[in-house]
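Below is input.txt, holding compact mmCIF, C-alpha atoms.
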# COMPACT_ATOMS: atom_id res chain seq x y z
CA MET A 1 -5.18 -4.58 28.65
CA THR A 2 -5.52 -0.87 29.11
CA LEU A 3 -4.99 2.19 27.03
CA THR A 4 -3.83 5.20 29.03
CA VAL A 5 -3.54 8.69 27.61
CA THR A 6 -1.86 11.31 29.75
CA ASN A 7 -1.40 14.99 28.91
CA LEU A 8 -1.72 14.45 25.19
CA SER A 9 -1.37 17.66 23.24
CA PHE A 10 -0.96 18.08 19.54
CA GLU A 11 -0.17 21.01 17.36
CA ARG A 12 -0.03 21.25 13.62
CA GLN A 13 2.03 24.03 12.05
CA PHE A 14 2.22 25.87 15.40
CA ILE A 15 -1.55 25.83 15.86
CA THR A 16 -2.77 23.81 18.83
CA VAL A 17 -5.30 21.21 17.71
CA PHE A 18 -6.05 19.95 21.21
CA SER A 19 -4.19 19.99 24.50
CA GLN A 20 -3.95 18.16 27.80
CA LEU A 21 -6.16 15.19 27.04
CA ASN A 22 -6.37 12.52 29.73
CA PHE A 23 -8.33 9.29 29.75
CA THR A 24 -8.05 5.58 30.47
CA LEU A 25 -9.77 2.80 28.63
CA ALA A 26 -10.18 -0.59 30.28
CA PRO A 27 -11.57 -3.84 28.78
CA GLY A 28 -15.29 -3.64 28.10
CA GLU A 29 -15.29 0.14 27.84
CA LEU A 30 -16.19 2.42 24.99
CA LEU A 31 -15.01 5.97 24.60
CA GLN A 32 -17.12 8.24 22.48
CA ILE A 33 -15.35 11.29 21.14
CA ARG A 34 -17.55 14.27 20.41
CA GLY A 35 -16.71 17.69 19.14
CA GLU A 36 -17.47 20.20 16.42
CA ASN A 37 -16.16 19.88 12.89
CA GLY A 38 -12.49 20.77 12.91
CA SER A 39 -12.01 20.10 16.60
CA GLY A 40 -9.45 17.40 15.87
CA LYS A 41 -11.43 14.18 16.30
CA SER A 42 -9.95 12.45 13.25
CA THR A 43 -6.46 13.66 14.12
CA LEU A 44 -6.83 12.28 17.63
CA LEU A 45 -7.94 8.90 16.27
CA ARG A 46 -5.03 8.78 13.84
CA ILE A 47 -2.66 9.55 16.69
CA LEU A 48 -4.24 6.84 18.83
CA ALA A 49 -3.87 4.37 15.95
CA GLY A 50 -0.18 5.21 15.75
CA PHE A 51 -0.30 6.74 12.26
CA ILE A 52 0.82 10.13 13.55
CA ASP A 53 3.61 10.25 16.11
CA ALA A 54 2.52 11.28 19.58
CA PRO A 55 4.85 13.01 22.05
CA PRO A 56 6.79 10.34 23.96
CA SER A 57 5.02 8.43 26.77
CA THR A 58 1.69 10.21 26.35
CA ILE A 59 -0.07 7.12 25.02
CA GLN A 60 0.51 3.84 26.79
CA TRP A 61 -0.78 0.40 25.88
CA ASN A 62 -0.49 -1.98 28.83
CA TYR A 63 1.71 0.61 30.54
CA GLN A 64 4.19 0.63 27.68
CA CYS A 65 4.63 3.62 25.42
CA ILE A 66 3.14 2.81 21.99
CA THR A 67 6.09 4.32 20.14
CA ASP A 68 8.29 1.62 21.72
CA CYS A 69 6.07 -1.25 20.58
CA LEU A 70 4.37 0.30 17.57
CA ALA A 71 4.22 -2.82 15.38
CA GLU A 72 2.83 -5.03 18.18
CA TYR A 73 0.38 -2.32 19.20
CA GLN A 74 -0.89 -1.80 15.67
CA GLN A 75 -1.56 -5.52 15.34
CA GLN A 76 -3.92 -5.22 18.30
CA LEU A 77 -6.20 -2.66 16.73
CA HIS A 78 -8.69 -2.07 13.97
CA TYR A 79 -8.94 1.37 12.42
CA ILE A 80 -11.76 2.40 10.15
CA GLY A 81 -11.44 5.92 8.86
CA HIS A 82 -13.25 8.08 6.34
CA GLN A 83 -11.97 6.00 3.48
CA ASN A 84 -13.27 2.48 3.58
CA GLY A 85 -10.08 0.67 2.61
CA ILE A 86 -11.77 -1.31 -0.13
CA LYS A 87 -10.33 -2.27 -3.49
CA HIS A 88 -12.88 -1.08 -6.00
CA HIS A 89 -11.71 -3.41 -8.73
CA LEU A 90 -12.14 -6.55 -6.64
CA THR A 91 -15.44 -8.22 -5.83
CA VAL A 92 -16.79 -8.33 -2.30
CA TYR A 93 -15.50 -11.86 -1.84
CA GLU A 94 -12.07 -11.04 -3.28
CA ASN A 95 -11.84 -8.01 -1.00
CA ILE A 96 -12.48 -10.26 1.97
CA LEU A 97 -9.84 -12.76 0.82
CA PHE A 98 -7.30 -10.02 0.14
CA TYR A 99 -7.85 -8.49 3.55
CA SER A 100 -7.69 -11.92 5.22
CA ALA A 101 -4.29 -12.53 3.66
CA LEU A 102 -3.13 -9.21 5.06
CA GLY A 103 -4.83 -9.25 8.42
CA ASN A 104 -4.39 -12.82 9.57
CA ALA A 105 -8.11 -13.53 9.71
CA SER A 106 -9.25 -15.53 12.69
CA THR A 107 -12.15 -17.10 10.83
CA THR A 108 -12.79 -18.45 7.34
CA ASP A 109 -16.56 -18.47 7.67
CA TYR A 110 -16.88 -15.52 5.28
CA SER A 111 -20.47 -16.14 4.25
CA SER A 112 -21.84 -15.95 7.78
CA ILE A 113 -19.95 -12.70 8.36
CA LEU A 114 -21.36 -11.19 5.20
CA THR A 115 -24.85 -12.42 6.15
CA LYS A 116 -24.40 -10.69 9.49
CA MET A 117 -23.43 -7.48 7.70
CA GLY A 118 -26.39 -7.82 5.33
CA ILE A 119 -24.38 -7.94 2.11
CA ALA A 120 -24.28 -11.71 1.52
CA LYS A 121 -26.21 -11.36 -1.76
CA ARG A 122 -23.49 -9.08 -3.12
CA LEU A 123 -20.75 -11.68 -2.75
CA HIS A 124 -19.59 -11.55 -6.38
CA THR A 125 -20.40 -7.94 -7.14
CA PRO A 126 -17.39 -5.74 -7.95
CA ALA A 127 -16.94 -3.26 -5.13
CA HIS A 128 -17.28 -0.25 -7.48
CA ASP A 129 -20.91 -1.28 -8.07
CA LEU A 130 -21.77 -1.14 -4.37
CA SER A 131 -23.54 1.80 -2.78
CA ALA A 132 -21.81 3.96 -0.17
CA GLY A 133 -23.69 2.21 2.62
CA GLN A 134 -22.78 -1.23 1.34
CA LEU A 135 -19.12 -0.23 1.08
CA ARG A 136 -19.25 0.89 4.69
CA ARG A 137 -20.80 -2.44 5.71
CA LEU A 138 -18.06 -4.31 3.86
CA SER A 139 -15.44 -2.21 5.56
CA LEU A 140 -17.02 -2.88 8.98
CA ALA A 141 -16.92 -6.63 8.20
CA ARG A 142 -13.16 -6.39 8.88
CA LEU A 143 -13.93 -5.91 12.57
CA VAL A 144 -15.35 -9.43 12.73
CA LEU A 145 -12.93 -11.02 10.29
CA SER A 146 -9.96 -10.79 12.58
CA GLU A 147 -10.33 -10.46 16.33
CA ARG A 148 -8.49 -7.49 17.75
CA PRO A 149 -9.07 -5.98 21.18
CA LEU A 150 -9.07 -2.28 20.28
CA TRP A 151 -11.41 -0.76 17.70
CA ILE A 152 -10.83 2.82 16.55
CA LEU A 153 -13.76 4.00 14.44
CA ASP A 154 -14.01 7.40 12.78
CA GLU A 155 -17.63 8.33 12.06
CA PRO A 156 -18.65 4.68 11.53
CA LEU A 157 -22.33 5.58 11.20
CA SER A 158 -21.84 7.72 8.11
CA ALA A 159 -23.66 6.34 5.05
CA LEU A 160 -25.28 3.58 7.13
CA ASP A 161 -29.06 3.20 7.09
CA GLN A 162 -31.18 2.28 10.10
CA SER A 163 -30.50 -1.44 9.88
CA GLY A 164 -26.82 -0.81 9.22
CA GLN A 165 -26.60 1.28 12.39
CA PHE A 166 -28.37 -1.50 14.26
CA ILE A 167 -25.82 -4.03 12.97
CA LEU A 168 -22.94 -1.82 14.06
CA GLY A 169 -24.55 -1.42 17.48
CA ASN A 170 -24.75 -5.20 17.81
CA LEU A 171 -21.11 -5.59 16.78
CA LEU A 172 -20.04 -3.05 19.39
CA ASN A 173 -22.18 -4.67 22.10
CA GLU A 174 -20.74 -8.11 21.38
CA HIS A 175 -17.21 -6.70 21.27
CA LEU A 176 -17.54 -4.90 24.60
CA ALA A 177 -19.23 -7.89 26.21
CA ALA A 178 -16.20 -9.95 25.17
CA LYS A 179 -13.94 -7.48 27.02
CA GLY A 180 -12.98 -5.55 23.93
CA MET A 181 -12.39 -1.82 23.81
CA ALA A 182 -13.57 0.79 21.37
CA ILE A 183 -12.94 4.44 20.62
CA VAL A 184 -15.59 5.97 18.40
CA ALA A 185 -15.79 9.49 17.04
CA THR A 186 -19.37 10.30 16.16
CA HIS A 187 -21.97 13.04 16.43
CA HIS A 188 -24.83 10.58 16.75
CA ASP A 189 -25.83 8.53 19.72
CA LEU A 190 -24.60 4.99 19.36
CA PRO A 191 -27.20 2.24 19.59
CA LEU A 192 -25.58 0.61 22.60
CA ALA A 193 -27.02 -1.66 25.27
CA LEU A 194 -24.62 -1.01 28.09
CA SER A 195 -23.67 1.75 30.38
CA SER A 196 -19.87 1.62 30.27
CA LEU A 197 -19.77 4.58 27.93
CA LYS A 198 -17.26 7.31 28.46
CA THR A 199 -17.45 10.57 26.59
CA LEU A 200 -14.68 12.94 25.65
CA THR A 201 -15.62 16.27 24.17
CA LEU A 202 -13.05 18.15 22.16
CA GLU A 203 -13.20 21.93 22.19
CA ARG A 204 -12.09 23.80 19.16
CA ALA A 205 -8.84 25.49 20.09
CA MET B 1 0.66 -20.12 6.32
CA MET B 2 2.69 -16.98 5.85
CA ILE B 3 3.92 -18.00 2.41
CA LYS B 4 0.33 -18.70 1.41
CA ALA B 5 -0.79 -15.28 2.63
CA LEU B 6 2.05 -13.58 0.75
CA LEU B 7 1.19 -15.46 -2.45
CA THR B 8 -2.47 -14.47 -2.02
CA MET B 9 -1.38 -10.85 -1.69
CA ILE B 10 0.75 -11.04 -4.84
CA HIS B 11 -2.08 -12.78 -6.70
CA TYR B 12 -4.64 -10.08 -5.85
CA GLU B 13 -2.21 -7.23 -6.47
CA CYS B 14 -1.62 -8.62 -9.98
CA LEU B 15 -5.34 -9.18 -10.53
CA LEU B 16 -6.07 -5.60 -9.46
CA THR B 17 -3.62 -4.12 -11.92
CA LEU B 18 -4.74 -6.43 -14.73
CA ARG B 19 -8.34 -5.28 -14.26
CA GLN B 20 -7.28 -1.68 -14.88
CA ALA B 21 -6.03 -2.26 -18.39
CA PHE B 22 -4.90 1.30 -19.07
CA SER B 23 -2.56 1.27 -16.11
CA TRP B 24 -0.43 -1.63 -17.36
CA LEU B 25 -0.94 -1.06 -21.09
CA THR B 26 0.27 2.55 -21.04
CA PRO B 27 3.89 1.85 -19.99
CA LEU B 28 4.02 -1.17 -22.30
CA LEU B 29 2.81 0.76 -25.36
CA PHE B 30 5.15 3.59 -24.42
CA PHE B 31 8.07 1.13 -24.39
CA ILE B 32 7.16 -0.20 -27.85
CA MET B 33 6.71 3.31 -29.28
CA VAL B 34 10.00 4.65 -27.96
CA VAL B 35 11.97 1.69 -29.34
CA CYS B 36 10.17 1.92 -32.72
CA PHE B 37 10.88 5.64 -33.04
CA PHE B 38 14.64 5.16 -33.26
CA PRO B 39 14.73 3.12 -36.50
CA LEU B 40 12.15 5.52 -37.94
CA ALA B 41 14.15 8.60 -37.00
CA LEU B 42 17.65 7.33 -37.72
CA GLY B 43 16.88 5.59 -41.00
CA SER B 44 18.03 2.16 -42.04
CA ASP B 45 21.64 2.46 -40.96
CA HIS B 46 22.01 -1.11 -39.68
CA ALA B 47 25.45 -0.61 -38.19
CA LEU B 48 24.39 2.50 -36.23
CA LEU B 49 21.22 0.87 -34.90
CA HIS B 50 23.17 -2.19 -33.93
CA THR B 51 25.67 -0.08 -31.95
CA ILE B 52 23.06 1.81 -29.95
CA ALA B 53 20.51 -1.02 -29.64
CA ALA B 54 21.22 -1.90 -26.00
CA GLY B 55 21.06 1.76 -25.03
CA ILE B 56 17.73 2.27 -26.76
CA ILE B 57 16.10 -0.77 -25.17
CA TRP B 58 17.46 0.07 -21.74
CA VAL B 59 16.46 3.74 -21.83
CA ALA B 60 13.01 2.81 -23.09
CA ALA B 61 12.63 0.22 -20.33
CA VAL B 62 13.74 2.73 -17.66
CA LEU B 63 11.28 5.33 -18.95
CA ALA B 64 8.45 2.80 -19.09
CA ILE B 65 9.13 1.71 -15.51
CA LEU B 66 9.30 5.35 -14.34
CA LEU B 67 5.92 5.84 -15.99
CA SER B 68 4.49 2.89 -14.09
CA LEU B 69 5.80 3.80 -10.63
CA ASN B 70 3.02 6.25 -9.80
CA ASN B 71 0.64 3.30 -9.83
CA LEU B 72 2.49 1.49 -7.08
CA PHE B 73 1.01 3.15 -3.97
CA GLN B 74 -1.22 5.87 -5.41
CA ARG B 75 -4.45 3.86 -5.46
CA ASP B 76 -3.77 2.41 -2.02
CA ALA B 77 -3.41 5.93 -0.68
CA GLN B 78 -6.67 7.04 -2.33
CA GLU B 79 -8.61 4.02 -1.09
CA GLY B 80 -7.32 4.21 2.48
CA TYR B 81 -5.47 0.94 2.09
CA LEU B 82 -2.10 2.20 3.33
CA GLU B 83 -3.52 2.30 6.86
CA LEU B 84 -4.52 -1.35 6.51
CA PHE B 85 -1.01 -2.23 5.38
CA LEU B 86 0.34 -0.58 8.53
CA LEU B 87 -2.08 -2.52 10.72
CA SER B 88 -1.34 -5.78 8.92
CA SER B 89 -0.21 -8.83 10.85
CA TYR B 90 2.88 -8.94 8.68
CA PRO B 91 5.75 -6.45 8.76
CA LEU B 92 5.16 -3.53 6.41
CA THR B 93 8.49 -4.34 4.74
CA LEU B 94 7.10 -7.70 3.65
CA VAL B 95 3.88 -6.16 2.33
CA VAL B 96 5.90 -3.64 0.34
CA PHE B 97 8.07 -6.45 -1.01
CA CYS B 98 4.95 -8.32 -2.20
CA LYS B 99 3.74 -5.18 -3.93
CA VAL B 100 7.08 -4.73 -5.70
CA VAL B 101 7.09 -8.38 -6.81
CA SER B 102 3.61 -8.03 -8.31
CA HIS B 103 4.61 -4.72 -9.89
CA TRP B 104 7.58 -6.43 -11.53
CA ILE B 105 5.41 -9.31 -12.79
CA ILE B 106 2.82 -7.01 -14.33
CA TYR B 107 5.03 -4.27 -15.76
CA CYS B 108 8.45 -5.81 -16.38
CA VAL B 109 7.77 -9.37 -17.54
CA PRO B 110 5.87 -8.10 -20.61
CA LEU B 111 8.84 -5.81 -21.38
CA LEU B 112 11.19 -8.78 -21.22
CA LEU B 113 8.94 -10.84 -23.49
CA LEU B 114 8.69 -8.05 -26.04
CA THR B 115 12.41 -7.31 -26.13
CA PRO B 116 13.35 -10.12 -28.59
CA VAL B 117 10.69 -8.89 -31.02
CA LEU B 118 11.80 -5.28 -30.78
CA ALA B 119 15.45 -6.31 -31.01
CA LEU B 120 14.72 -7.48 -34.56
CA LEU B 121 14.12 -3.85 -35.49
CA LEU B 122 17.51 -2.96 -34.08
CA ASN B 123 19.41 -5.68 -35.87
CA LEU B 124 20.56 -7.69 -32.86
CA SER B 125 21.79 -11.25 -33.23
CA PHE B 126 20.41 -14.16 -31.24
CA TYR B 127 23.37 -14.17 -28.85
CA GLU B 128 23.20 -10.40 -28.25
CA ASN B 129 19.49 -10.71 -27.68
CA PHE B 130 20.09 -13.37 -25.08
CA ILE B 131 22.66 -11.21 -23.23
CA LEU B 132 20.36 -8.18 -23.38
CA ILE B 133 17.45 -10.09 -21.87
CA LEU B 134 19.70 -11.48 -19.14
CA THR B 135 20.81 -7.96 -18.18
CA LEU B 136 17.18 -6.79 -18.18
CA LEU B 137 16.20 -9.78 -16.08
CA LEU B 138 18.79 -8.78 -13.48
CA GLY B 139 18.29 -5.04 -13.84
CA THR B 140 14.51 -4.51 -13.91
CA PRO B 141 13.90 -5.82 -10.35
CA VAL B 142 16.46 -3.27 -9.13
CA LEU B 143 14.61 -0.51 -11.01
CA CYS B 144 11.33 -1.58 -9.37
CA LEU B 145 12.84 -1.84 -5.89
CA LEU B 146 14.50 1.58 -6.08
CA GLY B 147 11.36 3.01 -7.65
CA ALA B 148 9.30 1.75 -4.73
CA VAL B 149 11.33 3.94 -2.36
CA GLY B 150 10.67 6.97 -4.55
CA ALA B 151 6.99 6.11 -4.91
CA ALA B 152 6.65 5.72 -1.15
CA LEU B 153 8.38 9.06 -0.53
CA THR B 154 6.05 10.92 -2.88
CA VAL B 155 2.84 9.11 -1.96
CA SER B 156 1.44 11.91 0.20
CA LEU B 157 1.92 14.59 -2.46
CA ARG B 158 -1.08 15.43 -4.58
CA HIS B 159 0.55 16.49 -7.84
CA GLN B 160 3.60 14.34 -7.94
CA SER B 161 3.66 13.17 -11.55
CA LEU B 162 7.11 14.57 -12.43
CA LEU B 163 8.75 14.74 -9.03
CA LEU B 164 9.03 10.98 -8.74
CA PRO B 165 11.03 10.42 -11.99
CA ILE B 166 13.35 13.33 -11.22
CA LEU B 167 13.90 12.04 -7.71
CA ILE B 168 14.64 8.49 -8.73
CA MET B 169 16.49 8.89 -12.06
CA PRO B 170 19.94 9.61 -10.57
CA PHE B 171 19.77 6.29 -8.72
CA TYR B 172 19.09 4.46 -11.97
CA ILE B 173 22.40 5.59 -13.50
CA PRO B 174 24.59 2.68 -12.22
CA ILE B 175 22.09 0.09 -13.45
CA LEU B 176 21.85 1.82 -16.79
CA ILE B 177 25.64 1.94 -17.19
CA PHE B 178 26.24 -1.69 -16.30
CA GLY B 179 23.16 -2.89 -18.15
CA THR B 180 24.16 -1.33 -21.44
CA SER B 181 27.90 -1.86 -21.20
CA THR B 182 27.40 -5.60 -20.79
CA LEU B 183 26.33 -5.84 -24.41
CA VAL B 184 29.23 -3.69 -25.58
CA ALA B 185 31.58 -5.98 -23.67
CA ALA B 186 29.91 -9.03 -25.18
CA ASN B 187 30.52 -7.68 -28.69
CA SER B 188 34.17 -7.01 -27.99
CA GLY B 189 34.57 -10.56 -26.70
CA GLN B 190 35.29 -9.76 -23.06
CA LEU B 191 34.34 -12.01 -20.17
CA LEU B 192 30.90 -11.04 -18.88
CA ASN B 193 31.07 -12.53 -15.38
CA GLY B 194 32.05 -9.22 -13.81
CA TYR B 195 29.19 -7.29 -15.40
CA PHE B 196 26.59 -9.83 -14.36
CA ALA B 197 28.09 -10.02 -10.88
CA ILE B 198 27.81 -6.25 -10.45
CA LEU B 199 24.19 -6.24 -11.66
CA ALA B 200 23.37 -9.12 -9.31
CA ALA B 201 25.17 -7.38 -6.43
CA LEU B 202 23.16 -4.19 -7.00
CA GLY B 203 20.07 -6.37 -7.08
CA LEU B 204 20.88 -8.03 -3.76
CA LEU B 205 21.71 -4.69 -2.16
CA CYS B 206 18.35 -3.24 -3.20
CA PHE B 207 16.57 -6.46 -2.27
CA ALA B 208 17.94 -6.10 1.26
CA PHE B 209 17.38 -2.39 1.82
CA ALA B 210 14.79 -0.96 -0.58
CA PRO B 211 11.63 -2.60 0.87
CA PHE B 212 12.69 -1.52 4.35
CA LEU B 213 13.32 2.07 3.24
CA ALA B 214 10.08 2.17 1.28
CA ALA B 215 8.19 0.93 4.35
CA LEU B 216 9.75 3.70 6.44
CA ALA B 217 8.81 6.28 3.82
CA LEU B 218 5.23 4.94 3.69
CA ARG B 219 4.87 5.37 7.46
CA ILE B 220 5.91 8.99 7.04
CA GLY B 221 3.51 9.36 4.11
CA VAL B 222 0.57 8.07 6.16
CA SER B 223 1.36 10.47 9.01
CA GLN B 224 0.93 13.51 6.74

Reformat the file's structure so that it appears as structure tokens.
Amino acid sequence: MTLTVTNLSFERQFITVFSQLNFTLAPGELLQIRGENGSGKSTLLRILAGFIDAPPSTIQWNYQCITDCLAEYQQQLHYIGHQNGIKHHLTVYENILFYSALGNASTTDYSSILTKMGIAKRLHTPAHDLSAGQLRRLSLARLVLSERPLWILDEPLSALDQSGQFILGNLLNEHLAAKGMAIVATHHDLPLALSSLKTLTLERA
Amino acid sequence: MMIKALLTMIHYECLLTLRQAFSWLTPLLFFIMVVCFFPLALGSDHALLHTIAAGIIWVAAVLAILLSLNNLFQRDAQEGYLELFLLSSYPLTLVVFCKVVSHWIIYCVPLLLLTPVLALLLNLSFYENFILILTLLLGTPVLCLLGAVGAALTVSLRHQSLLLPILIMPFYIPILIFGTSTLVAANSGQLLNGYFAILAALGLLCFAFAPFLAALALRIGVSQ
């Protein structure tokens, strides 16, 4: 499994957001995307997740253009953006069940996942009573709920406290050790154990 | 496995809407009010009310459903759930279909249940009532399916409250015509097979194409 990006440029309303990006991501690698506010990090991640159309044959998954196999490609990836993707009127447990129905969860051991994320005590709390950090932890629980090789995370550390950041670091380490791939946009240094870290810095156009 | 997942989705979609009482009560109360206003405004002319009864109920039902359509994808868009639908292990078309089914259960089934009560106000007989409910039973899923396409098209707009009804109303005209004329035909003693067949055909057509179109429109909405 590889993700190859060649000569990716993107413009919005005739203004270039970024141009001529090139990188390859192989199993076990993590790409950290850095850049100032407004340099197009989130846009790049949304393009890589297939939400925004990329110019043909600039993004290839296993040497096949993602626009040709969009549905299959999107089932291989997790995307966590600025919004957590949590139903505020469902409890933590119901949120997990709802997502599992949608995402074809590979495990049903929900309680151990929530223990891992440090929100096991909040199992039957409605999501609108959770704090921002707890919502983020619940949203990150999706990464473990169904196994997918590519993780695309947009500022995953936001709202997380020290222990939350540590948990995310562990998740990423385990994922990469199991030959997973990750693309993370963040300003902070990730608490990672390994060296296979690539960095891409976006310049503001 | 898949059926179970789809039923779980429908179950939680219904639960979600039920927990936000104002969102399902508003269209329902609106439906009751609109139907009640006609006898109040037109006086106790039984014959007149009886003639226009099917039209009143149908127009009120269409308006109530139009009122409810903004709720279909709006919250998902705000909560970042549309992205999850796109990344789902099931085709987006199927997810959209589940959402429309739950929308119909929450918003239209109460309308159907209330119709016999409201029909009393409009002086409808038991037989006419039965025909009216049958037409609504066939027609309301079509309204929801077509509405889903409109709701998906307008999901990325911020202030879309009136655009959606205006966009979708012209497509409701055939349903409205066949829905109301069935009762007229029933009163004049015609055979009703043709009317029901047309309503069912429209239903099947929308069943086949609307979820697919709505899914396409949602993909465009997410890319904005």

For chain A, work out the contacting residues on chain B at 10 Å, counting all atoms listed in the file, and write them as JSON, numbers by chain.
{"B": [1, 2, 3, 4, 5, 6, 7, 8, 9, 10, 11, 12, 13, 15, 16, 17, 18, 19, 20, 75, 76, 77, 78, 79, 80, 81, 82, 83, 84, 85, 86, 87, 88, 89, 90, 91, 92, 95, 219, 220, 221, 222, 223, 224]}

Applying 10 Å and only C-alpha atoms, which residues near Leu143 in chain B remain after dropping the ones on its own chain fewer than 6 positions away? List them as number ranges by chain.
B: 61-62, 65-66, 69, 104, 108, 136, 168-169, 171-172, 175-176, 203, 206

Quick one: residues within 12 Å of range 109-116 of chain A, all atoms listed in the file counted, chain neighbours fewer than 3 positions away excluded, as a PDB file with C-alpha atoms, keeping the file's coordinate frame?
ATOM      1  CA  VAL A  92     -16.790  -8.330  -2.300  1.00  0.00           C
ATOM      2  CA  TYR A  93     -15.500 -11.860  -1.840  1.00  0.00           C
ATOM      3  CA  GLU A  94     -12.070 -11.040  -3.280  1.00  0.00           C
ATOM      4  CA  ASN A  95     -11.840  -8.010  -1.000  1.00  0.00           C
ATOM      5  CA  ILE A  96     -12.480 -10.260   1.970  1.00  0.00           C
ATOM      6  CA  LEU A  97      -9.840 -12.760   0.820  1.00  0.00           C
ATOM      7  CA  TYR A  99      -7.850  -8.490   3.550  1.00  0.00           C
ATOM      8  CA  SER A 100      -7.690 -11.920   5.220  1.00  0.00           C
ATOM      9  CA  ALA A 105      -8.110 -13.530   9.710  1.00  0.00           C
ATOM     10  CA  SER A 106      -9.250 -15.530  12.690  1.00  0.00           C
ATOM     11  CA  ILE A 119     -24.380  -7.940   2.110  1.00  0.00           C
ATOM     12  CA  ALA A 120     -24.280 -11.710   1.520  1.00  0.00           C
ATOM     13  CA  LYS A 121     -26.210 -11.360  -1.760  1.00  0.00           C
ATOM     14  CA  ARG A 122     -23.490  -9.080  -3.120  1.00  0.00           C
ATOM     15  CA  LEU A 123     -20.750 -11.680  -2.750  1.00  0.00           C
ATOM     16  CA  HIS A 124     -19.590 -11.550  -6.380  1.00  0.00           C
ATOM     17  CA  GLN A 134     -22.780  -1.230   1.340  1.00  0.00           C
ATOM     18  CA  LEU A 135     -19.120  -0.230   1.080  1.00  0.00           C
ATOM     19  CA  ARG A 137     -20.800  -2.440   5.710  1.00  0.00           C
ATOM     20  CA  LEU A 138     -18.060  -4.310   3.860  1.00  0.00           C
ATOM     21  CA  SER A 139     -15.440  -2.210   5.560  1.00  0.00           C
ATOM     22  CA  LEU A 140     -17.020  -2.880   8.980  1.00  0.00           C
ATOM     23  CA  ALA A 141     -16.920  -6.630   8.200  1.00  0.00           C
ATOM     24  CA  ARG A 142     -13.160  -6.390   8.880  1.00  0.00           C
ATOM     25  CA  LEU A 143     -13.930  -5.910  12.570  1.00  0.00           C
ATOM     26  CA  VAL A 144     -15.350  -9.430  12.730  1.00  0.00           C
ATOM     27  CA  LEU A 145     -12.930 -11.020  10.290  1.00  0.00           C
ATOM     28  CA  SER A 146      -9.960 -10.790  12.580  1.00  0.00           C
ATOM     29  CA  SER A 163     -30.500  -1.440   9.880  1.00  0.00           C
ATOM     30  CA  GLY A 164     -26.820  -0.810   9.220  1.00  0.00           C
ATOM     31  CA  PHE A 166     -28.370  -1.500  14.260  1.00  0.00           C
ATOM     32  CA  ILE A 167     -25.820  -4.030  12.970  1.00  0.00           C
ATOM     33  CA  LEU A 168     -22.940  -1.820  14.060  1.00  0.00           C
ATOM     34  CA  ASN A 170     -24.750  -5.200  17.810  1.00  0.00           C
ATOM     35  CA  LEU A 171     -21.110  -5.590  16.780  1.00  0.00           C
TER      36      LEU A 171
END

So how far away is CA of Ile177 in chain B from CA of Phe196 in chain B, in Å?
12.1 Å

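Counting from CA of Leu137 in chain B, the distance to CA of Ile106 in chain B is 13.8 Å.
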
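Among B:Val117, B:Val149, B:Leu122, B:Ala64, the residue with the shortest atom-to-atom distance to Ser44 in chain B, counting only C-alpha atoms, is B:Leu122.
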
Residue with smallest distance to Ile59 in chain A - pool A:Leu21, A:Met181, A:Leu31, A:Leu3, counting only C-alpha atoms
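Closest to Ile59 in chain A, using only C-alpha atoms: A:Leu3.
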
Find the residues near Leu8 in chain A: any atom within 9 Å, counting only C-alpha atoms, skip ones fewer than 3 places away on the same chain, and give them as a PyMOL selection string.
chain A and resi 5+18-22+54-55+58-59

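The nearest approach to Ala178 in chain A among the residues A:Ala132, A:Leu200, A:Leu160, A:Leu150, with only C-alpha atoms taken into account, belongs to A:Leu150.
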
Distance in Å - CA of Ile57 in chain B versus CA of Ala185 in chain B:
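Taking CA of Ile57 in chain B and CA of Ala185 in chain B, their separation equals 16.4 Å.
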
At a cut-off of 8 Å, using only C-alpha atoms, what residues contact Leu176 in chain A? Leave out same-chain residues fewer than 5 positions from it and give the result as an MDAnalysis selection string.
chainID A and resid 27:30 181:182

Using only C-alpha atoms, determine which residues lie at most 7 Å from Val155 in chain B, disregarding the query and same-chain residues fewer than 2 positions distant; provide the list as a PyMOL selection string.
chain B and resi 73-74+151-153+157+221

Include C-alpha atoms and write out the residues we just selected as a PDB file, in the coordinates of the input.
ATOM      1  CA  PHE B  73       1.010   3.150  -3.970  1.00  0.00           C
ATOM      2  CA  GLN B  74      -1.220   5.870  -5.410  1.00  0.00           C
ATOM      3  CA  ALA B 151       6.990   6.110  -4.910  1.00  0.00           C
ATOM      4  CA  ALA B 152       6.650   5.720  -1.150  1.00  0.00           C
ATOM      5  CA  LEU B 153       8.380   9.060  -0.530  1.00  0.00           C
ATOM      6  CA  LEU B 157       1.920  14.590  -2.460  1.00  0.00           C
ATOM      7  CA  GLY B 221       3.510   9.360   4.110  1.00  0.00           C
TER       8      GLY B 221
END

Give the padded box for range 140-154 of chain A as JSON: axis-aligned, covering all atoms listed in the file, 3 Å on each side, centre and edge lengths in Å to one decimal.
{"center_x": -12.8, "center_y": -1.8, "center_z": 14.7, "size_x": 14.5, "size_y": 24.4, "size_z": 19.0}

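For the residues B:Leu216, B:Leu183, B:Ala148, B:Ile52, ranking by smallest atom-to-atom distance to Ile131 in chain B using all atoms listed in the file places B:Leu183 first.
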